[in-house]
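Source file: my_file-v8.txt (compact mmCIF, C-alpha atoms)
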```txt
# COMPACT_ATOMS: atom_id res chain seq x y z
CA MET A 1 3.49 -31.82 58.57
CA SER A 2 6.26 -33.36 60.66
CA PHE A 3 7.79 -31.50 63.53
CA ILE A 4 11.48 -30.67 63.65
CA LEU A 5 12.85 -30.61 67.17
CA ILE A 6 15.04 -27.71 68.13
CA PHE A 7 16.99 -27.38 71.35
CA LEU A 8 18.63 -24.41 72.92
CA LEU A 9 22.13 -24.79 74.31
CA LEU A 10 22.22 -22.52 77.30
CA PHE A 11 25.92 -21.71 77.11
CA THR A 12 25.72 -20.40 73.54
CA ASN A 13 22.15 -19.11 73.27
CA ILE A 14 22.05 -20.68 69.81
CA HIS A 15 19.26 -22.98 68.57
CA PHE A 16 20.19 -26.25 66.88
CA ILE A 17 18.09 -28.44 64.64
CA ASN A 18 17.74 -31.90 66.08
CA LYS A 19 15.82 -34.79 64.54
CA THR A 20 16.63 -37.10 67.45
CA HIS A 21 14.09 -37.18 70.26
CA TYR A 22 15.51 -35.98 73.56
CA ASN A 23 13.81 -36.02 76.93
CA THR A 24 14.51 -32.46 77.98
CA SER A 25 12.66 -29.31 78.84
CA GLU A 26 14.80 -27.42 76.32
CA LEU A 27 12.95 -28.61 73.21
CA TYR A 28 11.13 -26.22 70.95
CA TYR A 29 8.86 -27.22 68.09
CA TYR A 30 8.72 -25.44 64.75
CA GLN A 31 6.56 -26.22 61.76
CA ASN A 32 7.59 -23.31 59.58
CA ASN A 33 10.48 -24.20 57.25
CA ASN A 34 11.56 -20.54 56.97
CA GLU A 35 11.97 -20.32 60.76
CA THR A 36 13.88 -23.61 60.76
CA ASN A 37 16.27 -22.36 58.07
CA LYS A 38 17.00 -19.20 60.07
CA ILE A 39 17.76 -21.26 63.15
CA SER A 40 19.88 -23.69 61.16
CA LYS A 41 22.05 -20.83 59.93
CA ALA A 42 22.35 -19.50 63.47
CA ALA A 43 23.57 -22.93 64.57
CA GLU A 44 26.65 -22.47 62.40
CA THR A 45 27.75 -19.51 64.51
CA VAL A 46 28.60 -21.37 67.71
CA SER A 47 30.94 -19.46 69.99
CA ASN A 48 34.55 -19.81 68.83
CA TYR A 49 35.60 -21.32 72.14
CA TYR A 50 33.38 -24.36 71.73
CA LYS A 51 33.58 -24.41 67.95
CA ASP A 52 37.36 -24.83 68.17
CA LEU A 53 37.03 -27.54 70.82
CA VAL A 54 34.46 -29.43 68.75
CA LYS A 55 36.68 -29.26 65.66
CA ALA A 56 39.70 -30.46 67.63
CA LEU A 57 37.74 -33.35 69.16
CA ALA A 58 36.42 -34.39 65.74
CA PHE A 59 39.92 -34.42 64.29
CA ARG A 60 41.44 -36.25 67.26
CA GLU A 61 38.67 -38.88 67.37
CA SER A 62 38.09 -39.67 63.67
CA THR A 63 40.00 -37.19 61.50
CA ASN A 64 36.56 -35.64 60.87
CA ASN A 65 35.02 -38.80 59.41
CA TRP A 66 31.37 -38.75 60.45
CA LYS A 67 30.88 -42.33 59.22
CA ALA A 68 33.73 -43.73 61.35
CA TYR A 69 33.26 -46.58 63.79
CA ASN A 70 35.53 -48.60 66.06
CA SER A 71 34.82 -52.31 66.24
CA LYS A 72 36.83 -52.68 69.48
CA SER A 73 35.27 -49.90 71.56
CA LYS A 74 31.97 -49.83 69.62
CA ALA A 75 32.34 -46.05 69.33
CA ILE A 76 30.61 -44.38 66.40
CA GLY A 77 30.67 -41.23 64.34
CA LYS A 78 32.81 -38.18 63.97
CA TYR A 79 33.35 -37.87 67.73
CA GLN A 80 33.49 -41.62 68.45
CA PHE A 81 30.54 -41.62 70.83
CA THR A 82 30.20 -44.66 73.07
CA ALA A 83 26.83 -46.11 74.06
CA CYS A 84 27.26 -44.60 77.53
CA ALA A 85 27.82 -41.07 76.17
CA LEU A 86 24.87 -41.36 73.82
CA LYS A 87 22.65 -42.54 76.64
CA GLN A 88 23.68 -39.54 78.78
CA ILE A 89 22.38 -37.13 76.16
CA GLY A 90 19.34 -39.13 75.11
CA VAL A 91 20.47 -40.24 71.66
CA ASN A 92 19.11 -43.64 70.66
CA ILE A 93 21.54 -44.83 67.98
CA ASP A 94 23.13 -48.25 68.36
CA TYR A 95 26.47 -49.45 67.03
CA ALA A 96 25.16 -52.21 64.74
CA SER A 97 22.57 -49.98 63.08
CA PHE A 98 25.12 -47.20 62.53
CA VAL A 99 27.69 -49.59 61.02
CA LYS A 100 25.02 -50.96 58.68
CA ASP A 101 23.91 -47.48 57.60
CA PRO A 102 25.76 -44.40 58.93
CA ASN A 103 23.16 -42.20 57.22
CA ILE A 104 20.76 -42.95 60.10
CA TRP A 105 22.80 -40.40 62.07
CA PRO A 106 23.92 -37.56 59.77
CA GLU A 107 26.92 -35.39 60.49
CA LYS A 108 24.88 -32.34 61.56
CA GLU A 109 23.07 -34.41 64.17
CA GLN A 110 26.39 -35.73 65.44
CA ASP A 111 27.64 -32.15 65.77
CA GLN A 112 24.54 -31.25 67.75
CA ALA A 113 24.98 -34.28 69.99
CA MET A 114 28.59 -33.27 70.65
CA LEU A 115 27.51 -29.81 71.74
CA LYS A 116 24.90 -31.36 73.99
CA LEU A 117 27.52 -33.65 75.52
CA ILE A 118 29.85 -30.68 76.07
CA LYS A 119 27.03 -28.87 77.84
CA HIS A 120 26.30 -31.94 79.98
CA ASN A 121 29.97 -32.41 80.89
CA LYS A 122 30.44 -28.72 81.61
CA LYS A 123 27.50 -28.76 84.01
CA THR A 124 28.68 -31.96 85.70
CA LEU A 125 32.24 -30.63 86.06
CA SER A 126 31.30 -27.04 86.97
CA LYS A 127 32.56 -27.23 90.58
CA TYR A 128 35.84 -28.80 89.44
CA ILE A 129 36.26 -26.23 86.68
CA HIS A 130 35.73 -23.40 89.15
CA LYS A 131 38.00 -24.90 91.82
CA TYR A 132 40.91 -26.17 89.68
CA LYS A 133 41.00 -23.87 86.64
CA GLY A 134 44.50 -22.43 86.32
CA GLN A 135 46.07 -24.94 88.71
CA SER A 136 48.46 -27.71 87.66
CA ILE A 137 48.14 -31.39 88.42
CA ASN A 138 51.04 -33.62 87.33
CA ASN A 139 52.43 -30.72 85.28
CA ILE A 140 49.16 -30.31 83.35
CA LYS A 141 47.53 -26.90 83.60
CA ILE A 142 43.82 -27.35 84.21
CA SER A 143 41.33 -25.45 82.06
CA GLU A 144 37.65 -25.71 81.24
CA ARG A 145 38.60 -26.80 77.74
CA ASN A 146 40.82 -29.71 78.71
CA LEU A 147 38.50 -30.96 81.46
CA ILE A 148 35.57 -31.05 79.02
CA ALA A 149 37.71 -32.76 76.36
CA ALA A 150 38.94 -35.37 78.85
CA ALA A 151 35.33 -35.96 79.94
CA HIS A 152 34.57 -36.90 76.34
CA LEU A 153 37.20 -39.63 76.64
CA ALA A 154 36.58 -40.91 80.18
CA GLY A 155 33.29 -39.38 81.26
CA ALA A 156 32.94 -36.55 83.76
CA GLY A 157 33.20 -39.06 86.61
CA GLY A 158 36.52 -40.31 85.28
CA VAL A 159 37.87 -36.76 85.13
CA MET A 160 36.69 -36.06 88.69
CA ASN A 161 38.42 -39.27 89.86
CA TRP A 162 41.60 -38.20 88.07
CA ILE A 163 41.55 -34.85 89.87
CA ASP A 164 40.55 -36.33 93.24
CA THR A 165 43.50 -38.75 93.08
CA SER A 166 45.94 -36.09 91.82
CA GLY A 167 46.29 -38.03 88.58
CA SER A 168 46.79 -41.51 90.08
CA TYR A 169 43.52 -42.68 88.56
CA ASN A 170 44.45 -42.54 84.88
CA PRO A 171 42.80 -45.35 82.89
CA SER A 172 43.32 -45.95 79.20
CA ASP A 173 40.78 -46.73 76.51
CA GLY A 174 43.41 -48.99 74.97
CA HIS A 175 45.76 -46.31 73.74
CA THR A 176 44.82 -42.95 75.29
CA ARG A 177 44.80 -41.95 78.96
CA ILE A 178 42.92 -39.13 80.69
CA SER A 179 46.22 -37.30 81.17
CA ASP A 180 46.92 -37.58 77.42
CA TYR A 181 43.68 -35.75 76.63
CA LEU A 182 44.23 -33.18 79.36
CA ALA A 183 47.70 -32.42 77.99
CA TYR A 184 46.61 -32.49 74.34
CA PHE A 185 43.77 -30.01 74.90
CA GLU A 186 45.73 -27.82 77.35
```
Would you mind writing the structure in this file as structure tokens?
Amino acid sequence: MSFILIFLLLFTNIHFINKTHYNTSELYYYQNNNETNKISKAAETVSNYYKDLVKALAFRESTNNWKAYNSKSKAIGKYQFTACALKQIGVNIDYASFVKDPNIWPEKEQDQAMLKLIKHNKKTLSKYIHKYKGQSINNIKISERNLIAAAHLAGAGGVMNWIDTSGSYNPSDGHTRISDYLAYFE
């Protein structure tokens, strides 16, 4: 009987089914399909705060198309993950394989990866969230939500550079800047 990997997101206390192998101490193994089904249903009840953010990111990135890909940036899936973002969370899916067959990375697994990336970015940005939440930089009110969203675009390091330079560091991915995401998710 094959194992299904389950991980626990600390900020939601919800278990998520995950068929991708992650190197983390947060993995739990289940063999019982009934237990897996219970956990799968619990995964659908993510806290509204992150559920709304995830939905907004999916719409902004791909209009909720889990099979989407970008030949210029090599981003894939519903959330337009780059190779760097996937590597940060331990997902081993490459652009060429996904383009050939998007079914190798189903929508539910993409959703789980997005929540894992949010958790990673939240942890990386925690000092900045605590220090700058509620303040304005370049007329953009800083919140946990918009910092995490901008980290999806530019990485947590990019967001920290943006804050450290009072918005002077503001690269574009070709059409969207860090400040655009911060303002959009304000």
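Around Lys133 (chain A), within 12 Å and counting all atoms listed in the file, the residues found are Leu125, Ser126, Lys127, Ile140, Lys141, Ile142, Ser143, Glu144, Arg145, Asn146, Leu147, Ile148, Ile163 and Glu186 of chain A, once anything fewer than 6 positions away on its own chain is removed.
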Selected residues written out with C-alpha atoms, as a PDB file, keeping the file's coordinate frame:
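And here is the file that came out, result-v5.pdb:
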```pdb
ATOM      1  CA  LEU A 125      32.240 -30.630  86.060  1.00  0.00           C
ATOM      2  CA  SER A 126      31.300 -27.040  86.970  1.00  0.00           C
ATOM      3  CA  LYS A 127      32.560 -27.230  90.580  1.00  0.00           C
ATOM      4  CA  ILE A 140      49.160 -30.310  83.350  1.00  0.00           C
ATOM      5  CA  LYS A 141      47.530 -26.900  83.600  1.00  0.00           C
ATOM      6  CA  ILE A 142      43.820 -27.350  84.210  1.00  0.00           C
ATOM      7  CA  SER A 143      41.330 -25.450  82.060  1.00  0.00           C
ATOM      8  CA  GLU A 144      37.650 -25.710  81.240  1.00  0.00           C
ATOM      9  CA  ARG A 145      38.600 -26.800  77.740  1.00  0.00           C
ATOM     10  CA  ASN A 146      40.820 -29.710  78.710  1.00  0.00           C
ATOM     11  CA  LEU A 147      38.500 -30.960  81.460  1.00  0.00           C
ATOM     12  CA  ILE A 148      35.570 -31.050  79.020  1.00  0.00           C
ATOM     13  CA  ILE A 163      41.550 -34.850  89.870  1.00  0.00           C
ATOM     14  CA  GLU A 186      45.730 -27.820  77.350  1.00  0.00           C
TER      15      GLU A 186
END
```
Please list, as a PDB file with C-alpha atoms, keeping the file's coordinate frame, the residues that have an atom at most 12 Å away from (44.6, -44.8, 83.4) in the coordinates of this file, counting only C-alpha atoms.
```pdb
ATOM      1  CA  ALA A 150      38.940 -35.370  78.850  1.00  0.00           C
ATOM      2  CA  LEU A 153      37.200 -39.630  76.640  1.00  0.00           C
ATOM      3  CA  ALA A 154      36.580 -40.910  80.180  1.00  0.00           C
ATOM      4  CA  GLY A 158      36.520 -40.310  85.280  1.00  0.00           C
ATOM      5  CA  VAL A 159      37.870 -36.760  85.130  1.00  0.00           C
ATOM      6  CA  ASN A 161      38.420 -39.270  89.860  1.00  0.00           C
ATOM      7  CA  TRP A 162      41.600 -38.200  88.070  1.00  0.00           C
ATOM      8  CA  THR A 165      43.500 -38.750  93.080  1.00  0.00           C
ATOM      9  CA  GLY A 167      46.290 -38.030  88.580  1.00  0.00           C
ATOM     10  CA  SER A 168      46.790 -41.510  90.080  1.00  0.00           C
ATOM     11  CA  TYR A 169      43.520 -42.680  88.560  1.00  0.00           C
ATOM     12  CA  ASN A 170      44.450 -42.540  84.880  1.00  0.00           C
ATOM     13  CA  PRO A 171      42.800 -45.350  82.890  1.00  0.00           C
ATOM     14  CA  SER A 172      43.320 -45.950  79.200  1.00  0.00           C
ATOM     15  CA  ASP A 173      40.780 -46.730  76.510  1.00  0.00           C
ATOM     16  CA  GLY A 174      43.410 -48.990  74.970  1.00  0.00           C
ATOM     17  CA  HIS A 175      45.760 -46.310  73.740  1.00  0.00           C
ATOM     18  CA  THR A 176      44.820 -42.950  75.290  1.00  0.00           C
ATOM     19  CA  ARG A 177      44.800 -41.950  78.960  1.00  0.00           C
ATOM     20  CA  ILE A 178      42.920 -39.130  80.690  1.00  0.00           C
ATOM     21  CA  SER A 179      46.220 -37.300  81.170  1.00  0.00           C
ATOM     22  CA  ASP A 180      46.920 -37.580  77.420  1.00  0.00           C
ATOM     23  CA  TYR A 181      43.680 -35.750  76.630  1.00  0.00           C
TER      24      TYR A 181
END
```
Interatomic distance, CA of Asn121 (chain A) to CA of Ala151 (chain A) (Å, one decimal):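 One can read the CA of Asn121 (chain A) to CA of Ala151 (chain A) distance as 6.5 Å.
Interatomic distance, CA of Ala56 (chain A) to CA of Phe185 (chain A): 8.3 Å.
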One-decimal distance in Å that lies between CA of Asp101 (chain A) and CA of Ser62 (chain A):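 These two atoms are separated by 17.3 Å.
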Neighbour list for Thr63 (chain A) as JSON, numbers by chain, cut-off 12 Å, all atoms listed in the file, skip fewer than 5 positions in-chain: {"A": [54, 55, 56, 57, 58, 68, 69, 77, 78, 79, 80]}
From A:Ala75, A:Asp52, A:Tyr128, A:His152, residue lying nearest Val99 (chain A) [only C-alpha atoms]: A:Ala75
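For the set A:Gln88, A:Tyr95, A:Ala149, A:Asn103, the residue with the smallest atom-to-atom gap to His120 (chain A) is A:Gln88, counting only C-alpha atoms.
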Residues within 10 Å of Phe81 (chain A), only C-alpha atoms, excluding chain neighbours under 5 positions, as a PyMOL selection string: chain A and resi 61+69-70+73-76+86-87+93+95+110+113-114+117+152-153
Grab all the atoms of region 69-84 of chain A that the file lists, wrap them in a box along x, y and z, add 3 Å per side, and give me centre plus edge lengths in Å (one decimal) as JSON.
```
{"center_x": 31.8, "center_y": -45.3, "center_z": 70.7, "size_x": 16.0, "size_y": 20.8, "size_z": 19.7}
```
Proximity to Ser71 (chain A) - best of A:Ala96, A:Asp164, A:Gln135, A:Gly155, only C-alpha atoms: A:Ala96
